[in-house]
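J.: As input, take work_38.cif (mmCIF, C-alpha atoms (C1' of nucleotides)):
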```
data_protein
loop_
_atom_site.label_atom_id
_atom_site.label_comp_id
_atom_site.auth_asym_id
_atom_site.auth_seq_id
_atom_site.Cartn_x
_atom_site.Cartn_y
_atom_site.Cartn_z
CA MET A 1 8.26 7.90 -9.43
CA THR A 2 10.57 10.89 -9.46
CA PRO A 3 14.05 9.61 -10.27
CA LEU A 4 15.01 12.83 -12.01
CA GLY A 5 18.61 12.00 -12.48
CA GLY A 6 18.45 11.09 -16.15
CA ALA A 7 19.86 12.69 -19.27
CA GLY A 8 18.41 15.77 -20.90
CA GLU A 9 15.20 15.19 -22.82
CA PRO A 10 12.85 18.02 -23.81
CA ARG A 11 11.59 19.45 -20.55
CA THR A 12 9.34 22.37 -19.77
CA GLU A 13 9.73 24.45 -16.66
CA ALA A 14 6.20 23.67 -15.56
CA GLY A 15 6.93 20.01 -16.08
CA ASP A 16 9.85 20.24 -13.70
CA VAL A 17 7.69 21.94 -11.10
CA LEU A 18 5.13 19.19 -11.49
CA THR A 19 7.83 16.61 -10.86
CA GLU A 20 8.48 18.32 -7.55
CA VAL A 21 4.75 18.39 -6.87
CA ILE A 22 4.60 14.65 -7.43
CA MET A 23 7.35 14.05 -4.90
CA ARG A 24 5.55 16.22 -2.36
CA THR A 25 2.33 14.37 -3.05
CA PHE A 26 4.00 11.13 -2.03
CA ARG A 27 5.42 12.70 1.09
CA LEU A 28 2.10 14.28 2.03
CA TYR A 29 0.25 11.04 1.43
CA GLY A 30 2.55 9.27 3.85
CA GLY A 31 2.32 12.09 6.36
CA PHE A 32 -1.46 12.36 6.31
CA LEU A 33 -1.80 8.61 6.54
CA ALA A 34 0.49 8.52 9.56
CA ALA A 35 -1.48 11.34 11.19
CA ALA A 36 -4.73 9.50 10.54
CA GLU A 37 -3.35 6.40 12.18
CA VAL A 38 -2.31 8.35 15.26
CA MET A 39 -5.86 9.66 15.51
CA THR A 40 -7.62 6.36 14.88
CA ALA A 41 -5.50 4.12 17.09
CA PRO A 42 -7.03 5.23 20.43
CA VAL A 43 -10.52 4.58 19.09
CA GLY A 44 -9.70 1.10 17.85
CA LEU A 45 -9.98 1.90 14.15
CA THR A 46 -7.53 2.19 11.29
CA ALA A 47 -7.42 4.92 8.65
CA ALA A 48 -9.00 2.63 6.08
CA TRP A 49 -11.82 1.61 8.42
CA TRP A 50 -12.48 5.26 9.17
CA GLN A 51 -12.70 6.02 5.49
CA VAL A 52 -15.23 3.26 4.82
CA LEU A 53 -17.24 4.00 7.94
CA GLY A 54 -17.30 7.67 7.02
CA ALA A 55 -18.81 6.85 3.65
CA VAL A 56 -21.95 5.35 5.20
CA LEU A 57 -22.55 7.88 7.96
CA ARG A 58 -25.36 9.62 6.12
CA GLU A 59 -27.03 6.67 4.48
CA PRO A 60 -26.39 2.93 4.14
CA LEU A 61 -24.72 1.93 0.87
CA PRO A 62 -23.76 -1.36 -0.74
CA VAL A 63 -20.06 -2.17 -0.87
CA SER A 64 -19.84 -1.49 -4.56
CA GLY A 65 -21.47 1.89 -4.05
CA ILE A 66 -18.92 2.85 -1.41
CA ALA A 67 -16.12 1.82 -3.74
CA ARG A 68 -17.51 3.97 -6.51
CA ALA A 69 -17.98 6.93 -4.19
CA MET A 70 -14.34 6.96 -3.19
CA SER A 71 -12.58 5.59 -6.25
CA LEU A 72 -11.49 2.33 -4.68
CA THR A 73 -12.02 -1.22 -5.86
CA ARG A 74 -14.97 -3.27 -4.70
CA GLN A 75 -12.63 -5.86 -3.31
CA SER A 76 -10.71 -3.49 -1.08
CA VAL A 77 -13.88 -2.05 0.39
CA GLN A 78 -15.42 -5.50 0.77
CA ARG A 79 -12.53 -6.63 2.88
CA ILE A 80 -12.80 -3.62 5.21
CA ALA A 81 -16.59 -3.83 5.38
CA ASP A 82 -16.45 -7.48 6.45
CA LEU A 83 -13.93 -6.57 9.13
CA LEU A 84 -16.09 -3.70 10.39
CA VAL A 85 -19.07 -6.03 10.67
CA ASP A 86 -16.89 -8.60 12.38
CA LYS A 87 -15.79 -6.04 14.97
CA GLY A 88 -19.34 -4.86 15.57
CA LEU A 89 -18.76 -1.40 14.13
CA ALA A 90 -21.14 -1.86 11.20
CA GLU A 91 -23.83 -4.23 10.05
CA TYR A 92 -25.33 -5.49 6.79
CA LEU A 93 -28.95 -4.72 6.05
CA PRO A 94 -31.02 -6.53 3.43
CA ASN A 95 -31.26 -4.50 0.27
CA PRO A 96 -34.76 -4.45 -1.17
CA ALA A 97 -33.39 -3.44 -4.54
CA HIS A 98 -30.74 -6.15 -4.83
CA LYS A 99 -30.64 -9.54 -3.17
CA ARG A 100 -26.84 -9.92 -3.10
CA ALA A 101 -25.75 -6.30 -2.57
CA LYS A 102 -26.48 -5.88 1.14
CA LEU A 103 -26.39 -2.37 2.57
CA LEU A 104 -23.66 -1.39 5.02
CA ARG A 105 -24.60 0.76 8.02
CA PRO A 106 -22.61 1.74 11.13
CA THR A 107 -23.77 0.34 14.45
CA GLU A 108 -24.05 2.57 17.52
CA ALA A 109 -20.46 1.63 18.35
CA GLY A 110 -19.46 2.65 14.83
CA TYR A 111 -21.13 6.03 15.08
CA ALA A 112 -19.56 6.60 18.48
CA ALA A 113 -16.08 5.80 17.16
CA VAL A 114 -16.42 8.22 14.27
CA ARG A 115 -17.79 10.94 16.52
CA GLY A 116 -14.68 10.64 18.65
CA LEU A 117 -12.52 10.97 15.58
CA THR A 118 -14.27 14.02 14.20
CA GLU A 119 -13.03 16.13 17.05
CA ALA A 120 -9.44 14.96 16.61
CA GLN A 121 -9.68 15.52 12.88
CA HIS A 122 -10.79 19.12 13.28
CA ALA A 123 -8.09 19.82 15.82
CA PHE A 124 -5.55 18.42 13.37
CA THR A 125 -6.73 20.24 10.26
CA ASN A 126 -7.09 23.52 12.19
CA ARG A 127 -3.61 23.15 13.63
CA ILE A 128 -1.88 22.35 10.35
CA SER A 129 -3.81 24.73 8.14
CA ALA A 130 -2.94 27.60 10.45
CA ARG A 131 0.64 27.29 9.26
CA VAL A 132 0.02 28.20 5.62
CA ASP A 133 -1.38 31.28 3.93
CA PRO A 134 -5.16 30.76 3.55
CA ALA A 135 -5.30 32.22 0.06
CA ASP A 136 -2.40 30.07 -1.09
CA LEU A 137 -4.06 27.03 0.43
CA ARG A 138 -7.14 27.68 -1.67
CA THR A 139 -5.02 28.12 -4.75
CA ALA A 140 -3.30 24.85 -4.00
CA LEU A 141 -6.63 23.09 -3.61
CA GLY A 142 -7.71 24.43 -6.99
CA VAL A 143 -4.53 23.21 -8.63
CA MET A 144 -4.92 19.79 -7.09
CA GLU A 145 -8.48 19.55 -8.31
CA ARG A 146 -7.33 20.43 -11.82
CA LEU A 147 -4.56 17.89 -11.63
CA VAL A 148 -7.00 15.18 -10.59
CA GLU A 149 -9.16 16.09 -13.58
CA ALA A 150 -6.19 16.17 -15.90
CA LEU A 151 -5.02 12.76 -14.73
CA GLU A 152 -8.44 11.25 -15.24
CA GLU A 153 -8.77 12.67 -18.73
CA ASP A 154 -5.25 11.69 -19.61
CA GLU A 155 -5.94 8.18 -18.47
CA ARG A 156 -9.17 8.08 -20.44
CA ASP A 157 -7.39 9.19 -23.58
CA ARG A 158 -4.76 6.50 -23.28
CA GLY A 159 -6.80 3.80 -21.54
CA MET B 160 -9.30 10.20 6.54
CA THR B 161 -11.93 12.64 5.37
CA PRO B 162 -15.25 11.38 6.64
CA LEU B 163 -16.60 14.87 7.10
CA GLY B 164 -20.09 13.89 8.00
CA GLY B 165 -19.80 14.39 11.75
CA ALA B 166 -21.38 16.84 14.14
CA GLY B 167 -20.23 20.44 14.50
CA GLU B 168 -17.02 20.86 16.47
CA PRO B 169 -14.98 24.06 16.34
CA ARG B 170 -13.81 24.33 12.76
CA THR B 171 -11.81 26.98 10.96
CA GLU B 172 -12.36 27.78 7.33
CA ALA B 173 -8.74 27.00 6.51
CA GLY B 174 -9.15 23.72 8.31
CA ASP B 175 -12.04 22.81 6.06
CA VAL B 176 -10.00 23.68 3.00
CA LEU B 177 -7.20 21.48 4.27
CA THR B 178 -9.64 18.62 4.64
CA GLU B 179 -10.39 18.97 0.95
CA VAL B 180 -6.67 19.14 0.23
CA ILE B 181 -6.19 15.88 2.07
CA MET B 182 -8.83 14.18 -0.03
CA ARG B 183 -7.18 15.44 -3.20
CA THR B 184 -3.82 14.28 -1.95
CA PHE B 185 -5.16 10.73 -1.73
CA ARG B 186 -6.67 10.97 -5.19
CA LEU B 187 -3.49 12.42 -6.67
CA TYR B 188 -1.36 9.78 -4.98
CA GLY B 189 -3.46 7.07 -6.59
CA GLY B 190 -3.43 8.81 -9.95
CA PHE B 191 0.30 9.45 -10.04
CA LEU B 192 0.98 5.92 -8.95
CA ALA B 193 -1.22 4.54 -11.71
CA ALA B 194 0.48 6.79 -14.26
CA ALA B 195 3.87 5.61 -13.08
CA GLU B 196 2.84 2.02 -13.52
CA VAL B 197 1.66 2.65 -17.05
CA MET B 198 5.07 4.12 -17.82
CA THR B 199 7.13 1.45 -16.11
CA ALA B 200 5.28 -1.63 -17.35
CA PRO B 201 6.74 -1.61 -20.89
CA VAL B 202 10.27 -1.40 -19.47
CA GLY B 203 9.76 -4.31 -17.09
CA LEU B 204 9.90 -2.27 -13.90
CA THR B 205 7.41 -1.21 -11.26
CA ALA B 206 7.00 2.24 -9.76
CA ALA B 207 8.81 1.22 -6.59
CA TRP B 208 11.70 -0.31 -8.49
CA TRP B 209 12.04 2.87 -10.49
CA GLN B 210 12.14 4.91 -7.32
CA VAL B 211 14.92 2.82 -5.80
CA LEU B 212 16.89 2.62 -9.03
CA GLY B 213 16.53 6.37 -9.43
CA ALA B 214 18.09 6.94 -6.04
CA VAL B 215 21.38 5.33 -7.05
CA LEU B 216 21.75 6.80 -10.54
CA ARG B 217 24.33 9.34 -9.48
CA GLU B 218 26.27 7.32 -6.96
CA PRO B 219 26.04 3.89 -5.36
CA LEU B 220 24.45 3.91 -1.91
CA PRO B 221 23.83 1.30 0.78
CA VAL B 222 20.25 0.19 1.29
CA SER B 223 19.93 2.07 4.54
CA GLY B 224 21.19 5.23 2.85
CA ILE B 225 18.58 4.96 0.12
CA ALA B 226 15.89 4.50 2.76
CA ARG B 227 17.01 7.61 4.58
CA ALA B 228 17.19 9.64 1.40
CA MET B 229 13.59 8.94 0.51
CA SER B 230 11.93 8.54 3.89
CA LEU B 231 11.22 4.84 3.55
CA THR B 232 12.09 2.00 5.85
CA ARG B 233 15.23 -0.05 5.40
CA GLN B 234 13.18 -3.18 5.03
CA SER B 235 11.08 -1.90 2.13
CA VAL B 236 14.12 -0.74 0.22
CA GLN B 237 16.02 -3.92 1.02
CA ARG B 238 13.26 -6.02 -0.49
CA ILE B 239 13.23 -3.98 -3.72
CA ALA B 240 17.00 -3.85 -3.93
CA ASP B 241 17.26 -7.63 -3.68
CA LEU B 242 14.67 -7.96 -6.44
CA LEU B 243 16.54 -5.50 -8.65
CA VAL B 244 19.75 -7.47 -8.21
CA ASP B 245 17.87 -10.69 -8.86
CA LYS B 246 16.53 -9.29 -12.14
CA GLY B 247 19.93 -8.05 -13.21
CA LEU B 248 18.99 -4.39 -13.03
CA ALA B 249 21.37 -3.57 -10.20
CA GLU B 250 24.30 -5.11 -8.38
CA TYR B 251 25.90 -5.00 -4.94
CA LEU B 252 29.41 -3.63 -4.63
CA PRO B 253 31.64 -4.16 -1.61
CA ASN B 254 31.63 -1.13 0.66
CA PRO B 255 35.10 -0.20 1.88
CA ALA B 256 33.58 1.76 4.75
CA HIS B 257 31.25 -0.94 6.00
CA LYS B 258 31.53 -4.69 5.67
CA ARG B 259 27.81 -5.50 5.80
CA ALA B 260 26.32 -2.42 4.11
CA LYS B 261 27.04 -3.26 0.47
CA LEU B 262 26.59 -0.49 -2.09
CA LEU B 263 23.79 -0.72 -4.65
CA ARG B 264 24.53 0.35 -8.21
CA PRO B 265 22.47 -0.04 -11.40
CA THR B 266 23.80 -2.37 -14.07
CA GLU B 267 23.87 -1.34 -17.72
CA ALA B 268 20.41 -2.86 -18.07
CA GLY B 269 19.26 -0.80 -15.11
CA TYR B 270 20.59 2.43 -16.56
CA ALA B 271 18.99 1.63 -19.89
CA ALA B 272 15.60 0.99 -18.28
CA VAL B 273 15.69 4.28 -16.40
CA ARG B 274 16.78 6.17 -19.50
CA GLY B 275 13.73 4.86 -21.29
CA LEU B 276 11.55 5.97 -18.44
CA THR B 277 12.99 9.44 -18.23
CA GLU B 278 11.63 10.23 -21.63
CA ALA B 279 8.17 8.97 -20.75
CA GLN B 280 8.26 10.84 -17.47
CA HIS B 281 9.05 14.15 -19.12
CA ALA B 282 6.36 13.65 -21.71
CA PHE B 283 3.92 12.96 -18.90
CA THR B 284 4.85 15.88 -16.66
CA ASN B 285 4.96 18.28 -19.60
CA ARG B 286 1.55 17.09 -20.77
CA ILE B 287 -0.16 17.35 -17.39
CA SER B 288 1.51 20.51 -16.20
CA ALA B 289 0.42 22.30 -19.36
CA ARG B 290 -3.13 22.09 -18.07
CA VAL B 291 -2.66 24.28 -15.01
CA ASP B 292 -1.57 27.86 -14.55
CA PRO B 293 2.22 27.87 -14.08
CA ALA B 294 2.16 30.49 -11.33
CA ASP B 295 -0.55 28.61 -9.44
CA LEU B 296 1.43 25.41 -9.81
CA ARG B 297 4.40 27.05 -8.14
CA THR B 298 2.18 28.36 -5.37
CA ALA B 299 0.79 24.88 -4.87
CA LEU B 300 4.29 23.43 -4.66
CA GLY B 301 5.19 25.98 -2.02
CA VAL B 302 2.09 25.12 0.01
CA MET B 303 2.82 21.43 -0.23
CA GLU B 304 6.38 21.98 0.95
CA ARG B 305 5.12 23.92 3.94
CA LEU B 306 2.57 21.23 4.70
CA VAL B 307 5.25 18.56 4.64
CA GLU B 308 7.27 20.67 7.07
CA ALA B 309 4.27 21.29 9.29
CA LEU B 310 3.45 17.59 9.40
CA GLU B 311 6.99 16.68 10.35
CA GLU B 312 7.13 19.26 13.11
CA ASP B 313 3.69 18.32 14.35
CA GLU B 314 4.76 14.72 14.48
CA ARG B 315 7.94 15.62 16.31
CA ASP B 316 6.01 17.59 18.91
CA ARG B 317 3.64 14.74 19.62
CA GLY B 318 5.98 11.83 18.88
"C1'" DA C 319 -40.38 -15.62 -21.58
"C1'" DG C 320 -35.62 -15.84 -23.04
"C1'" DC C 321 -31.10 -14.14 -23.93
"C1'" DT C 322 -27.24 -10.99 -23.42
"C1'" DG C 323 -24.36 -7.96 -20.89
"C1'" DA C 324 -23.38 -5.40 -16.68
"C1'" DT C 325 -23.15 -5.57 -11.73
"C1'" DT C 326 -22.06 -7.79 -7.53
"C1'" DG C 327 -19.91 -10.74 -3.99
"C1'" DA C 328 -16.51 -14.41 -3.14
"C1'" DC C 329 -11.98 -16.20 -3.65
"C1'" DA C 330 -7.10 -16.33 -4.98
"C1'" DG C 331 -2.84 -14.15 -5.89
"C1'" DT C 332 0.52 -10.01 -6.24
"C1'" DG C 333 3.00 -5.72 -4.97
"C1'" DT C 334 4.02 -2.31 -1.57
"C1'" DG C 335 4.98 -0.60 2.87
"C1'" DC C 336 4.91 -1.06 7.80
"C1'" DT C 337 6.35 -3.01 12.57
"C1'" DG C 338 8.99 -6.13 15.37
"C1'" DT C 339 12.89 -9.08 16.43
"C1'" DC C 340 17.54 -10.92 16.08
"C1'" DA C 341 22.55 -11.15 15.29
"C1'" DA C 342 26.60 -9.05 13.09
"C1'" DA C 343 29.16 -4.98 12.37
"C1'" DA C 344 30.44 -0.22 13.28
"C1'" DT C 345 30.73 3.73 16.49
"C1'" DG C 346 31.64 6.32 20.54
"C1'" DA C 347 32.62 6.79 25.53
"C1'" DC C 348 35.55 5.34 29.02
"C1'" DG D 349 41.52 -2.00 24.57
"C1'" DT D 350 36.75 -2.66 26.43
"C1'" DC D 351 32.04 -2.19 26.60
"C1'" DA D 352 27.41 -0.03 25.70
"C1'" DT D 353 24.97 2.08 21.95
"C1'" DT D 354 23.77 2.55 17.26
"C1'" DT D 355 23.53 0.96 12.66
"C1'" DT D 356 22.74 -2.60 9.40
"C1'" DG D 357 20.98 -6.74 7.07
"C1'" DA D 358 17.97 -10.82 7.53
"C1'" DC D 359 13.64 -12.88 8.61
"C1'" DA D 360 8.70 -13.07 9.94
"C1'" DG D 361 4.21 -11.18 10.09
"C1'" DC D 362 0.46 -7.66 9.15
"C1'" DA D 363 -2.46 -4.02 6.64
"C1'" DC D 364 -3.68 -2.13 2.47
"C1'" DA D 365 -4.92 -1.89 -2.43
"C1'" DC D 366 -4.74 -3.90 -6.86
"C1'" DT D 367 -5.81 -7.48 -10.72
"C1'" DG D 368 -8.04 -11.53 -12.33
"C1'" DT D 369 -11.57 -15.07 -12.28
"C1'" DC D 370 -16.00 -17.27 -11.21
"C1'" DA D 371 -20.90 -17.76 -10.26
"C1'" DA D 372 -25.14 -15.42 -8.80
"C1'" DT D 373 -28.08 -11.65 -9.58
"C1'" DC D 374 -30.04 -7.89 -12.00
"C1'" DA D 375 -31.35 -4.95 -16.10
"C1'" DG D 376 -32.50 -4.27 -20.80
"C1'" DC D 377 -33.67 -5.85 -25.30
"C1'" DT D 378 -36.02 -8.85 -28.53
#
```
Spell out the structure here as structure tokens.
T.:
Amino acid sequence: MTPLGGAGEPRTEAGDVLTEVIMRTFRLYGGFLAAAEVMTAPVGLTAAWWQVLGAVLREPLPVSGIARAMSLTRQSVQRIADLLVDKGLAEYLPNPAHKRAKLLRPTEAGYAAVRGLTEAQHAFTNRISARVDPADLRTALGVMERLVEALEEDERDRG
Amino acid sequence: MTPLGGAGEPRTEAGDVLTEVIMRTFRLYGGFLAAAEVMTAPVGLTAAWWQVLGAVLREPLPVSGIARAMSLTRQSVQRIADLLVDKGLAEYLPNPAHKRAKLLRPTEAGYAAVRGLTEAQHAFTNRISARVDPADLRTALGVMERLVEALEEDERDRG
DNA sequence: AGCTGATTGACAGTGTGCTGTCAAAATGAC
DNA sequence: GTCATTTTGACAGCACACTGTCAATCAGCT
């Protein structure tokens, strides 16, 4: 993504801004991921484990349901879920509605780990968000939501 | 990242907005990456190859220089660069200033591939950016730039 | 009941990026 | 010039997410 250097094809100004946005998205992704790993390391989790564990805090879900909820593939979530169970941070419950699709639920250790992370997460988001204008931050969130929508529709049109 | 479900620790409103921003960042990252792959596939590249090739369009650079320029690790770039050379899309030139750090430069085939992509990229960014308010898009870019800065400084403080 | 298609878990393989380690080459201090 | 430090490429290993395929299960239709 983002080479930029090429010859001059028809370009709109907004398109150029979006190109910059894309580059920042990649940077931010890397930065947020790194921050998440700093937070999770002391608790013995990884960012991905945290994400999956967080998805079943409120109610147990089958692996495929978690994947749907967070736009990941079944296979990715399955791998993490098996690891979480292996480490004693979550467990599989029989699913009355589906014999194969067991329900994933955090164990006490799992809940405890996530509780520890919640505090660190709030400290982090408070600290970082304090460095940007609140109104602009909201605007940015709105733009990002629209971009997500636009990408999904664009993909649907050409899928 | 982004579990959310936890108990109530001290939270600022801006912090909560940032949490949403983080979730959108992950979604956008995935979406942009997918879009890039759709564009690169017909040309026989991948998104990562495009990125590396794009970095040496203007002037040949050693692998370590490319890594620095785009905040990646030497090793990641080295792997891609070797693949690009293997596929005939780039070549290593002797570096007068450093015996081991050969310079990477696209071949004619490499330039041609990127040229093809530039067109697709502009079509894409024009198409998507047309769906958001231009002024808001600029605001969002500014916020993202500040967030990148804030993350880097935060990391430096605690690194 | 029986059949078809979608969902689900299991397994294999790929691409990407990271860390860690080592030796060769370049750099800077003395 | 010499030596310690830094930079660089090479190699190995790990985490993550994706695609593709297969068989078991489930859901809906006839």
J.: One decimal, in Å: what's the spacing between CA of Asp133 (chain A) and CA of Ser288 (chain B)?
T.: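 Straight-line distance from CA of Asp133 (chain A) to CA of Ser288 (chain B) works out to 23.0 Å.
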J.: Can you give me, as a list of chain:residue names, the residues this file yields under the PyMOL selection byres ((chain B) within 9 of (chain D))?
T.: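 Going through the file, the PyMOL selection byres ((chain B) within 9 of (chain D)) ends up selecting B:Val222, B:Ser223, B:Arg233, B:Gln234, B:Gln237, B:Arg259, B:Ala260.
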J.: Residues of chain C that approach chain A to 10 Å or less, counting all atoms listed in the file: could you list each one with the shortest pair of atoms and its distance in Å to one decimal, rows by chain and increasing residue number, as a tab-separated table?
T.:
```
residue	atom	partner	partner_atom	distance
C:DT325	C1'	A:Ser64	CA	8.9
C:DT326	C1'	A:Ala101	CA	6.4
C:DG327	C1'	A:Arg100	CA	7.0
C:DA328	C1'	A:Gln75	CA	9.4
```
J.: Between B:Asp316, B:Leu220, B:Gly213, B:Leu192, which one has atoms that come closest to chain A, using only C-alpha atoms?
T.: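 For chain A, the nearest of the candidates is B:Gly213.
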J.: Here is a test: counting only C-alpha atoms (C1' of nucleotides), which residue of C:DA347, C:DA341, C:DC336, C:DA319 is nearest to Gly30 (chain A)?
T.: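 Residue with the minimum atom-to-atom distance to Gly30 (chain A): C:DC336.
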J.: Quick check, in Å to one decimal: how far apart do CA of Leu296 (chain B) and CA of Asp136 (chain A) lie?
T.: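 The value is 10.6 Å.
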J.: For a cut-off of 12 Å around (3.7, 20.1, 3.9), file coordinates, pick out all residues using all atoms listed in the file and list them as a PyMOL selection string.
T.: (chain A and resi 21+23-32+128-132+137+140) or (chain B and resi 177+180-181+184+299-314)
J.: Just to confirm, what's the straight-line distance from CA of Gly203 (chain B) to CA of Ala240 (chain B) in Å (one decimal)?
T.: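 We find that CA of Gly203 (chain B) and CA of Ala240 (chain B) lie 15.0 Å from each other.
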J.: Quick one: of B:Pro253, B:Pro265, B:Gly174, B:Pro219, who's nearest to chain A, counting only C-alpha atoms?
T.: B:Gly174
J.: So that I can check the surroundings of Tyr270 (chain B), please list as a count of residues only every protein, DNA and RNA residue that reaches within 10 Å of it, counting all atoms listed in the file and ignoring chain neighbours fewer than 4 positions away.
T.: 13
J.: Of the candidates B:Ala256, B:Ile225, B:Glu218, B:Arg170, which shows the shortest atom-to-atom distance to chain A, using all atoms listed in the file?
T.: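 So, comparing all the options, the nearest one is B:Arg170.
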J.: Identify which of the residues A:Ala14, A:Glu91, A:Ala34, A:Ser76 lies closest to chain B, counting only C-alpha atoms when measuring atom-to-atom distances.
T.: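 Under the stated criterion, the closest residue is A:Ala14.
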J.: Given the choices A:Arg156, A:Arg68, A:Lys87, A:His122, which gets closest to chain B if the distance is worked out from only C-alpha atoms?
T.: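 For chain B, the nearest of the given residues is A:His122.
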J.: Set up a box along x, y and z of the file covering all listed atoms of region 280-283 of chain B, add 4 Å on every one of the six sides, and write the centre and edge lengths in Å to one decimal, as lines of an AutoDock Vina configuration file.
T.:
```
center_x = 6.5
center_y = 12.5
center_z = -19.6
size_x = 13.1
size_y = 11.3
size_z = 12.2
```
